[in-house]
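Engineer: Please see the structure below; I have some questions.
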Amino acid sequence: MAIQRMDNVGIVVEDMDAAIAFFVELGMELEGRAQVKGPVADQCTGLDGVRCDIAMVRTPDGHSRLELAKYRSPAVISAGPRNRPHNVLGTHRVMFAVDDIEDTVARLRPHGAELVGEIARFEDSCLLCYVRGPEGIIVGLAEQLA
């Protein structure tokens with residue numbers, strides 16, 4: 001049996017409002033907010049006493065979503081410094097196609113985004129960059145050329 005689709009990518013955050021604002025400025029749409037708790041949440045996560053605020057944001061085409069989660073309990077555990085380099089093992093970025101990479105970076109800066117490196121050109125194909133957003137999340141941006 002094959003998978004049907006990728007439903008969402010989950011990201012744990014401390015400042016839910018800042019994370020939502022960042023991804024909405026990027027062009028995603030807030031689908032909704034809710035609180036998750038109880039036996040099913042405990043069973044699914046392998047944690048006891050889960051109480052978690054979540055927000056779902058989706059891409060304008062409706063095909064991709066991020067689930068932002070702020071744990072009320074148990075307490076969040078730090079995964080280390082938020083400015084980790086790009087080559088750390090595990091999930092290291094979420095990539096988005098954008099119309100105008102320079103405009104997107106400029107719009108995200110007031111929301112805390114910083115370029116990880118610089119905007120790079122890959123042949124005559126695309127412009128690429130990584131920005132570090134809220135909670136140290138690395139977001140890839142790609143602008144198709146021609």
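Chain lettering (A, B, ...) mirrors the order of the structure tokens, residue numbering begins at 1 for each chain separately, and ligand numbering begins at 1 in order of display.
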Would you return as a PDB file with N, CA and C atoms, in the first residue's frame the members of chain A that DSSP assigns to helix (DSSP H, G or I) on this structure's backbone?

Structural biologist:
```pdb
ATOM      1  N   MET A  16       3.787  31.207  19.687  1.00  0.00           N
ATOM      2  CA  MET A  16       2.837  30.824  18.644  1.00  0.00           C
ATOM      3  C   MET A  16       2.455  32.011  17.763  1.00  0.00           C
ATOM      4  N   ASP A  17       2.165  33.143  18.368  1.00  0.00           N
ATOM      5  CA  ASP A  17       1.733  34.305  17.583  1.00  0.00           C
ATOM      6  C   ASP A  17       2.820  34.763  16.619  1.00  0.00           C
ATOM      7  N   ALA A  18       4.072  34.773  17.075  1.00  0.00           N
ATOM      8  CA  ALA A  18       5.182  35.171  16.198  1.00  0.00           C
ATOM      9  C   ALA A  18       5.356  34.180  15.052  1.00  0.00           C
ATOM     10  N   ALA A  19       5.223  32.891  15.340  1.00  0.00           N
ATOM     11  CA  ALA A  19       5.367  31.871  14.295  1.00  0.00           C
ATOM     12  C   ALA A  19       4.242  31.990  13.267  1.00  0.00           C
ATOM     13  N   ILE A  20       3.014  32.191  13.743  1.00  0.00           N
ATOM     14  CA  ILE A  20       1.892  32.370  12.814  1.00  0.00           C
ATOM     15  C   ILE A  20       2.123  33.597  11.945  1.00  0.00           C
ATOM     16  N   ALA A  21       2.513  34.717  12.561  1.00  0.00           N
ATOM     17  CA  ALA A  21       2.741  35.957  11.808  1.00  0.00           C
ATOM     18  C   ALA A  21       3.813  35.766  10.738  1.00  0.00           C
ATOM     19  N   PHE A  22       4.880  35.041  11.066  1.00  0.00           N
ATOM     20  CA  PHE A  22       5.952  34.784  10.117  1.00  0.00           C
ATOM     21  C   PHE A  22       5.433  34.022   8.901  1.00  0.00           C
ATOM     22  N   PHE A  23       4.727  32.924   9.141  1.00  0.00           N
ATOM     23  CA  PHE A  23       4.267  32.092   8.028  1.00  0.00           C
ATOM     24  C   PHE A  23       3.120  32.742   7.249  1.00  0.00           C
ATOM     25  N   VAL A  24       2.306  33.540   7.898  1.00  0.00           N
ATOM     26  CA  VAL A  24       1.267  34.291   7.179  1.00  0.00           C
ATOM     27  C   VAL A  24       1.930  35.343   6.283  1.00  0.00           C
ATOM     28  N   GLU A  25       2.965  36.001   6.778  1.00  0.00           N
ATOM     29  CA  GLU A  25       3.685  36.983   5.946  1.00  0.00           C
ATOM     30  C   GLU A  25       4.342  36.307   4.762  1.00  0.00           C
ATOM     31  N   LEU A  26       4.779  35.080   4.946  1.00  0.00           N
ATOM     32  CA  LEU A  26       5.367  34.316   3.853  1.00  0.00           C
ATOM     33  C   LEU A  26       4.334  34.045   2.762  1.00  0.00           C
ATOM     34  N   PRO A  39      -6.071  11.468  26.491  1.00  0.00           N
ATOM     35  CA  PRO A  39      -5.450  10.161  26.275  1.00  0.00           C
ATOM     36  C   PRO A  39      -4.920   9.933  24.856  1.00  0.00           C
ATOM     37  N   VAL A  40      -5.656  10.376  23.849  1.00  0.00           N
ATOM     38  CA  VAL A  40      -5.193  10.149  22.472  1.00  0.00           C
ATOM     39  C   VAL A  40      -3.892  10.911  22.228  1.00  0.00           C
ATOM     40  N   ALA A  41      -3.822  12.176  22.691  1.00  0.00           N
ATOM     41  CA  ALA A  41      -2.587  12.961  22.539  1.00  0.00           C
ATOM     42  C   ALA A  41      -1.433  12.296  23.272  1.00  0.00           C
ATOM     43  N   ASP A  42      -1.691  11.798  24.482  1.00  0.00           N
ATOM     44  CA  ASP A  42      -0.644  11.110  25.250  1.00  0.00           C
ATOM     45  C   ASP A  42      -0.173   9.851  24.525  1.00  0.00           C
ATOM     46  N   GLN A  43      -1.114   9.059  24.039  1.00  0.00           N
ATOM     47  CA  GLN A  43      -0.764   7.811  23.356  1.00  0.00           C
ATOM     48  C   GLN A  43       0.027   8.079  22.090  1.00  0.00           C
ATOM     49  N   CYS A  44      -0.410   9.040  21.322  1.00  0.00           N
ATOM     50  CA  CYS A  44       0.205   9.333  20.029  1.00  0.00           C
ATOM     51  C   CYS A  44       1.639   9.854  20.191  1.00  0.00           C
ATOM     52  N   THR A  45       1.852  10.725  21.184  1.00  0.00           N
ATOM     53  CA  THR A  45       3.169  11.351  21.354  1.00  0.00           C
ATOM     54  C   THR A  45       4.107  10.553  22.247  1.00  0.00           C
ATOM     55  N   ILE A 101      12.044  36.346  -4.602  1.00  0.00           N
ATOM     56  CA  ILE A 101      12.819  35.958  -3.420  1.00  0.00           C
ATOM     57  C   ILE A 101      13.296  37.169  -2.617  1.00  0.00           C
ATOM     58  N   GLU A 102      13.742  38.216  -3.302  1.00  0.00           N
ATOM     59  CA  GLU A 102      14.238  39.396  -2.585  1.00  0.00           C
ATOM     60  C   GLU A 102      13.113  40.100  -1.830  1.00  0.00           C
ATOM     61  N   ASP A 103      11.942  40.212  -2.463  1.00  0.00           N
ATOM     62  CA  ASP A 103      10.797  40.822  -1.798  1.00  0.00           C
ATOM     63  C   ASP A 103      10.368  39.968  -0.599  1.00  0.00           C
ATOM     64  N   THR A 104      10.370  38.657  -0.757  1.00  0.00           N
ATOM     65  CA  THR A 104       9.966  37.761   0.320  1.00  0.00           C
ATOM     66  C   THR A 104      10.901  37.901   1.511  1.00  0.00           C
ATOM     67  N   VAL A 105      12.200  37.926   1.264  1.00  0.00           N
ATOM     68  CA  VAL A 105      13.171  38.092   2.351  1.00  0.00           C
ATOM     69  C   VAL A 105      12.945  39.435   3.045  1.00  0.00           C
ATOM     70  N   ALA A 106      12.727  40.485   2.270  1.00  0.00           N
ATOM     71  CA  ALA A 106      12.506  41.818   2.842  1.00  0.00           C
ATOM     72  C   ALA A 106      11.248  41.845   3.715  1.00  0.00           C
ATOM     73  N   ARG A 107      10.194  41.176   3.294  1.00  0.00           N
ATOM     74  CA  ARG A 107       8.950  41.146   4.062  1.00  0.00           C
ATOM     75  C   ARG A 107       9.084  40.323   5.335  1.00  0.00           C
ATOM     76  N   LEU A 108       9.961  39.295   5.303  1.00  0.00           N
ATOM     77  CA  LEU A 108      10.124  38.435   6.464  1.00  0.00           C
ATOM     78  C   LEU A 108      11.077  39.008   7.518  1.00  0.00           C
ATOM     79  N   ARG A 109      11.952  39.912   7.109  1.00  0.00           N
ATOM     80  CA  ARG A 109      12.929  40.479   8.067  1.00  0.00           C
ATOM     81  C   ARG A 109      12.266  41.103   9.297  1.00  0.00           C
ATOM     82  N   PRO A 110      11.184  41.896   9.151  1.00  0.00           N
ATOM     83  CA  PRO A 110      10.552  42.449  10.358  1.00  0.00           C
ATOM     84  C   PRO A 110       9.967  41.380  11.290  1.00  0.00           C
ATOM     85  N   HIS A 111       9.841  40.160  10.794  1.00  0.00           N
ATOM     86  CA  HIS A 111       9.347  39.045  11.602  1.00  0.00           C
ATOM     87  C   HIS A 111      10.495  38.192  12.130  1.00  0.00           C
ATOM     88  N   PRO A 134      11.379  32.152  13.102  1.00  0.00           N
ATOM     89  CA  PRO A 134      11.142  32.016  14.538  1.00  0.00           C
ATOM     90  C   PRO A 134      11.581  30.645  15.040  1.00  0.00           C
ATOM     91  N   GLU A 135      12.051  30.626  16.278  1.00  0.00           N
ATOM     92  CA  GLU A 135      12.495  29.398  16.933  1.00  0.00           C
ATOM     93  C   GLU A 135      13.702  28.778  16.249  1.00  0.00           C
ATOM     94  N   GLY A 136      14.360  29.502  15.350  1.00  0.00           N
ATOM     95  CA  GLY A 136      15.526  28.975  14.655  1.00  0.00           C
ATOM     96  C   GLY A 136      15.193  28.110  13.457  1.00  0.00           C
TER      97      GLY A 136
END
```

Engineer: Taking 4 positions as the minimum chain separation for residues in the same chain, which residues sit within 12 Å of A:Ala34 when counting only C-alpha atoms? Answer as number ranges by chain.

Structural biologist: A: 16, 30, 51-56, 67-70

Engineer: Among the residues of chain A, find those DSSP assigns to strand (DSSP E) from the backbone and print them as a PyMOL selection string.

Structural biologist: chain A and resi 9-12+29-37+51-58+65-73+94-97+114-115+120-122+126-132+138-144

Engineer: Within 10 Å of A:Asp124, counting only C-alpha atoms, which residues qualify if same-chain residues fewer than 2 places away don't, as a JSON list (two decimals) with N, CA, C and O atoms, in the first residue's frame?

Structural biologist:
```json
[["chain", "number", "residue", "atom", "x", "y", "z"],
["A", 121, "ARG", "N", 22.39, 31.99, -7.06],
["A", 121, "ARG", "CA", 21.80, 31.69, -8.36],
["A", 121, "ARG", "C", 22.29, 30.32, -8.81],
["A", 121, "ARG", "O", 23.50, 30.07, -8.85],
["A", 122, "PHE", "N", 21.35, 29.43, -9.15],
["A", 122, "PHE", "CA", 21.71, 28.13, -9.70],
["A", 122, "PHE", "C", 21.50, 28.19, -11.20],
["A", 122, "PHE", "O", 20.36, 28.17, -11.68],
["A", 126, "CYS", "N", 17.20, 28.98, -11.15],
["A", 126, "CYS", "CA", 16.49, 29.54, -10.00],
["A", 126, "CYS", "C", 17.42, 30.30, -9.07],
["A", 126, "CYS", "O", 18.64, 30.16, -9.13],
["A", 127, "LEU", "N", 16.81, 31.09, -8.21],
["A", 127, "LEU", "CA", 17.48, 31.73, -7.10],
["A", 127, "LEU", "C", 17.08, 30.97, -5.85],
["A", 127, "LEU", "O", 15.92, 30.58, -5.69],
["A", 144, "GLN", "N", 11.85, 30.51, -9.23],
["A", 144, "GLN", "CA", 12.11, 29.97, -10.56],
["A", 144, "GLN", "C", 12.42, 31.12, -11.52],
["A", 144, "GLN", "O", 11.72, 32.13, -11.52],
["A", 145, "LEU", "N", 13.47, 30.97, -12.33],
["A", 145, "LEU", "CA", 13.81, 31.99, -13.33],
["A", 145, "LEU", "C", 13.29, 31.53, -14.68],
["A", 145, "LEU", "O", 13.47, 30.36, -15.06],
["A", 146, "ALA", "N", 12.69, 32.41, -15.40],
["A", 146, "ALA", "CA", 12.16, 32.15, -16.75],
["A", 146, "ALA", "C", 11.24, 30.98, -16.88],
["A", 146, "ALA", "O", 11.09, 30.04, -16.30]]
```

Engineer: So which one's closest to A:Asp61, A:Gly27, A:Pro74, A:His92, A:Gln4? Using only C-alpha atoms, please.

Structural biologist: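 Smallest distance to A:Asp61 is found for A:Gly27.
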